[in-house]
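I have placed the structure first, in the form of structure tokens, so that the comments after it can refer back to it.
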Amino acid sequence: MVQIVKRCASRIAHVGFALTLIAGLAIGTAGFWLPPNQKEIQPADIIVVLSGGLERSLYAADLYHQGYAKAVWISRPADSPGTLNLADYGIVIPREEEIHRRILVKKSVAEKDIDFFGTHSMSTAEEARALQEKIGTGTKRIIIVTSPAHTLRARMIFGAALNGTNVAIQVVATPYEHFDRLWWRDQNSARMVVLECAKIFYYLAGG
């Protein structure tokens, strides 16, 4: 009985070591697999700007002017939990989607071609569901613009949400947001890698 327990403990230790090694390698090389190599962008019906870095709308404007699509949709995110309500103090700050809209207009995107989707989305998964609801059952080709480190997870989530529909997606990274593939050399890149790895593991675990 003692020998069996020892063998089981030894196997558990080996498995634990192997899993730790795999996780370490995955995180260490995350700068190369989180932002997949960008493929040639195909023309679409809509350019979608996910909530997050304002650099996303800069690239969306570029794609619009390059003729990849004639419409730009902006996600409406929820306010961050615990955010102080500055309006109570007479301080009015535009909502994130409004700032994205203003950037697009400043970049000469026609206001008639700008639209919004979702209502206070709190995650990429909620954005995907909100986009699916707005599109409906029609056939659409969509270019989703996000941050370099977020492209893989966005592709996973939107691909799953729109699976079985007539919607074809492309997820592209804005070149205006810096991301160092050797992420440990840059504080912002390191923050993005740690957060994205945690979020991907959480998503794969059913979160």
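Scheme for the structure tokens: letters A, B, ... for chains in order shown; per-chain residue numbers from 1; ligand numbers from 1 in order shown.
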
Query raised in the report: Where does DSSP see strand (DSSP E or B) in region 50-93 of chain A, if you list the residues as a PyMOL selection string?
Result: chain A and resi 72-77

Based on the selection just made, write C-alpha atoms of those residues as a compact mmCIF listing (two decimals), in the first residue's frame.
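Saved to out36.txt:
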# COMPACT_ATOMS: atom_id res chain seq x y z
CA VAL A 72 -17.42 51.06 -39.23
CA TRP A 73 -19.17 49.69 -36.13
CA ILE A 74 -17.99 50.58 -32.63
CA SER A 75 -18.54 48.43 -29.55
CA ARG A 76 -20.26 50.01 -26.54
CA PRO A 77 -18.40 48.81 -23.41

Requested in this report: Would you kindly return, as a PyMOL selection string, each protein, DNA or RNA residue with an atom no farther than 9 Å from any atom of region 190-198 of chain A, considering only C-alpha atoms and excluding same-chain residues fewer than 3 positions away?
Outcome: chain A and resi 26-27+30-31+34+149-150+153+179-180+182-187+201-203

Query raised in the report: Leaving out region 91-98 of chain A and any residue of its chain fewer than 2 positions from it, which residues lie within 12 Å of it when counting only C-alpha atoms, given as a PyMOL selection string?
Result: chain A and resi 48-54+56-57+72-80+84-89+100-105+111+114-121

Where does region 116-156 of chain A meet region 162-171 of chain A within 7 Å, residue by residue, with the nearest atom pair and distance in Å to one decimal for each, counting only C-alpha atoms, listed by chain and rising number, as JSON lines?
{"residue": "A:Gln132", "atom": "CA", "partner": "A:Leu162", "partner_atom": "CA", "distance": 6.7}
{"residue": "A:Thr137", "atom": "CA", "partner": "A:Asn166", "partner_atom": "CA", "distance": 7.0}
{"residue": "A:Gly138", "atom": "CA", "partner": "A:Asn166", "partner_atom": "CA", "distance": 6.5}
{"residue": "A:Thr139", "atom": "CA", "partner": "A:Asn166", "partner_atom": "CA", "distance": 4.6}
{"residue": "A:Lys140", "atom": "CA", "partner": "A:Val167", "partner_atom": "CA", "distance": 4.8}
{"residue": "A:Arg141", "atom": "CA", "partner": "A:Ala168", "partner_atom": "CA", "distance": 4.8}
{"residue": "A:Ile142", "atom": "CA", "partner": "A:Ile169", "partner_atom": "CA", "distance": 4.8}
{"residue": "A:Ile143", "atom": "CA", "partner": "A:Gln170", "partner_atom": "CA", "distance": 4.8}
{"residue": "A:Ile144", "atom": "CA", "partner": "A:Val171", "partner_atom": "CA", "distance": 4.6}
{"residue": "A:Val145", "atom": "CA", "partner": "A:Val171", "partner_atom": "CA", "distance": 6.1}
{"residue": "A:Thr151", "atom": "CA", "partner": "A:Val171", "partner_atom": "CA", "distance": 6.1}
{"residue": "A:Arg155", "atom": "CA", "partner": "A:Val171", "partner_atom": "CA", "distance": 6.1}

Query raised in the report: When DSSP works through the backbone of this structure, what residues of region 2-167 of chain A end up as helix (DSSP H, G or I), shown as a PyMOL selection string?
Result: chain A and resi 2-28+30-33+55-65+86-89+96-106+111-113+124-135+148-161

Export, as a PDB file, in the first residue's frame, the selected residues with C-alpha atoms.
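The result, written out as part01.pdb:
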ATOM      1  CA  VAL A   2       2.842   2.359   0.898  1.00  0.00           C
ATOM      2  CA  GLN A   3       4.563   1.594  -2.403  1.00  0.00           C
ATOM      3  CA  ILE A   4       1.388   2.355  -4.342  1.00  0.00           C
ATOM      4  CA  VAL A   5       1.045   5.701  -2.590  1.00  0.00           C
ATOM      5  CA  LYS A   6       4.686   6.508  -3.331  1.00  0.00           C
ATOM      6  CA  ARG A   7       4.283   5.618  -7.014  1.00  0.00           C
ATOM      7  CA  CYS A   8       1.137   7.754  -7.264  1.00  0.00           C
ATOM      8  CA  ALA A   9       2.870  10.654  -5.546  1.00  0.00           C
ATOM      9  CA  SER A  10       5.845  10.316  -7.905  1.00  0.00           C
ATOM     10  CA  ARG A  11       3.599  10.306 -10.987  1.00  0.00           C
ATOM     11  CA  ILE A  12       1.663  13.336  -9.730  1.00  0.00           C
ATOM     12  CA  ALA A  13       4.952  15.152  -9.138  1.00  0.00           C
ATOM     13  CA  HIS A  14       6.155  14.322 -12.658  1.00  0.00           C
ATOM     14  CA  VAL A  15       2.872  15.441 -14.208  1.00  0.00           C
ATOM     15  CA  GLY A  16       2.960  18.632 -12.163  1.00  0.00           C
ATOM     16  CA  PHE A  17       6.516  19.348 -13.296  1.00  0.00           C
ATOM     17  CA  ALA A  18       5.610  18.691 -16.933  1.00  0.00           C
ATOM     18  CA  LEU A  19       2.584  20.984 -16.744  1.00  0.00           C
ATOM     19  CA  THR A  20       4.653  23.696 -15.092  1.00  0.00           C
ATOM     20  CA  LEU A  21       7.290  23.376 -17.816  1.00  0.00           C
ATOM     21  CA  ILE A  22       4.684  23.562 -20.592  1.00  0.00           C
ATOM     22  CA  ALA A  23       3.026  26.589 -18.994  1.00  0.00           C
ATOM     23  CA  GLY A  24       6.398  28.287 -18.626  1.00  0.00           C
ATOM     24  CA  LEU A  25       7.283  27.671 -22.263  1.00  0.00           C
ATOM     25  CA  ALA A  26       3.863  28.881 -23.396  1.00  0.00           C
ATOM     26  CA  ILE A  27       4.115  32.122 -21.453  1.00  0.00           C
ATOM     27  CA  GLY A  28       7.755  32.646 -22.397  1.00  0.00           C
ATOM     28  CA  ALA A  30       3.612  34.221 -25.873  1.00  0.00           C
ATOM     29  CA  GLY A  31       4.985  37.223 -27.727  1.00  0.00           C
ATOM     30  CA  PHE A  32       5.155  35.072 -30.855  1.00  0.00           C
ATOM     31  CA  TRP A  33       1.861  33.145 -30.695  1.00  0.00           C
ATOM     32  CA  GLU A  55      -5.385  53.049 -31.443  1.00  0.00           C
ATOM     33  CA  ARG A  56      -7.924  50.583 -32.806  1.00  0.00           C
ATOM     34  CA  SER A  57     -10.068  53.295 -34.338  1.00  0.00           C
ATOM     35  CA  LEU A  58      -7.010  54.849 -35.992  1.00  0.00           C
ATOM     36  CA  TYR A  59      -6.416  51.634 -37.924  1.00  0.00           C
ATOM     37  CA  ALA A  60     -10.126  51.204 -38.624  1.00  0.00           C
ATOM     38  CA  ALA A  61     -10.054  54.617 -40.322  1.00  0.00           C
ATOM     39  CA  ASP A  62      -7.061  53.538 -42.421  1.00  0.00           C
ATOM     40  CA  LEU A  63      -8.867  50.370 -43.552  1.00  0.00           C
ATOM     41  CA  TYR A  64     -11.992  52.396 -44.351  1.00  0.00           C
ATOM     42  CA  HIS A  65     -10.050  54.832 -46.555  1.00  0.00           C
ATOM     43  CA  LEU A  86     -17.500  62.044 -12.177  1.00  0.00           C
ATOM     44  CA  ALA A  87     -20.815  63.386 -13.480  1.00  0.00           C
ATOM     45  CA  ASP A  88     -21.883  63.710  -9.846  1.00  0.00           C
ATOM     46  CA  TYR A  89     -19.130  66.309  -9.514  1.00  0.00           C
ATOM     47  CA  GLU A  96     -15.218  55.299 -24.767  1.00  0.00           C
ATOM     48  CA  GLU A  97     -17.332  54.616 -27.841  1.00  0.00           C
ATOM     49  CA  GLU A  98     -17.861  58.355 -28.293  1.00  0.00           C
ATOM     50  CA  ILE A  99     -14.101  58.950 -28.226  1.00  0.00           C
ATOM     51  CA  HIS A 100     -13.665  56.232 -30.860  1.00  0.00           C
ATOM     52  CA  ARG A 101     -16.356  57.931 -32.946  1.00  0.00           C
ATOM     53  CA  ARG A 102     -14.654  61.316 -32.684  1.00  0.00           C
ATOM     54  CA  ILE A 103     -11.325  59.825 -33.735  1.00  0.00           C
ATOM     55  CA  LEU A 104     -12.949  58.256 -36.784  1.00  0.00           C
ATOM     56  CA  VAL A 105     -14.602  61.543 -37.727  1.00  0.00           C
ATOM     57  CA  LYS A 106     -11.300  63.398 -37.274  1.00  0.00           C
ATOM     58  CA  GLU A 111     -20.505  60.020 -39.853  1.00  0.00           C
ATOM     59  CA  LYS A 112     -23.241  58.236 -41.825  1.00  0.00           C
ATOM     60  CA  ASP A 113     -20.933  55.221 -42.101  1.00  0.00           C
ATOM     61  CA  THR A 124     -15.070  40.028 -25.581  1.00  0.00           C
ATOM     62  CA  ALA A 125     -17.640  37.220 -25.333  1.00  0.00           C
ATOM     63  CA  GLU A 126     -20.423  39.758 -24.721  1.00  0.00           C
ATOM     64  CA  GLU A 127     -19.178  41.829 -27.646  1.00  0.00           C
ATOM     65  CA  ALA A 128     -19.350  38.729 -29.855  1.00  0.00           C
ATOM     66  CA  ARG A 129     -22.941  38.004 -28.788  1.00  0.00           C
ATOM     67  CA  ALA A 130     -23.929  41.642 -29.278  1.00  0.00           C
ATOM     68  CA  LEU A 131     -22.414  41.679 -32.762  1.00  0.00           C
ATOM     69  CA  GLN A 132     -24.219  38.458 -33.674  1.00  0.00           C
ATOM     70  CA  GLU A 133     -27.537  39.967 -32.551  1.00  0.00           C
ATOM     71  CA  LYS A 134     -27.003  43.153 -34.574  1.00  0.00           C
ATOM     72  CA  ILE A 135     -25.982  41.316 -37.732  1.00  0.00           C
ATOM     73  CA  PRO A 148      -1.903  42.801 -31.154  1.00  0.00           C
ATOM     74  CA  ALA A 149      -2.012  40.672 -27.995  1.00  0.00           C
ATOM     75  CA  HIS A 150      -5.795  40.312 -28.200  1.00  0.00           C
ATOM     76  CA  THR A 151      -6.070  38.992 -31.767  1.00  0.00           C
ATOM     77  CA  LEU A 152      -5.830  35.275 -30.926  1.00  0.00           C
ATOM     78  CA  ARG A 153      -8.458  35.344 -28.171  1.00  0.00           C
ATOM     79  CA  ALA A 154     -10.747  37.556 -30.249  1.00  0.00           C
ATOM     80  CA  ARG A 155     -10.511  35.090 -33.144  1.00  0.00           C
ATOM     81  CA  MET A 156     -11.317  32.178 -30.817  1.00  0.00           C
ATOM     82  CA  ILE A 157     -14.310  33.883 -29.204  1.00  0.00           C
ATOM     83  CA  PHE A 158     -15.853  35.449 -32.307  1.00  0.00           C
ATOM     84  CA  GLY A 159     -15.212  32.278 -34.301  1.00  0.00           C
ATOM     85  CA  ALA A 160     -17.122  30.241 -31.722  1.00  0.00           C
ATOM     86  CA  ALA A 161     -19.941  32.782 -31.369  1.00  0.00           C
TER      87      ALA A 161
END

Report summary line: CA of Pro35 (chain A) sits from CA of Ile200 (chain A) at a separation of 13.0 Å
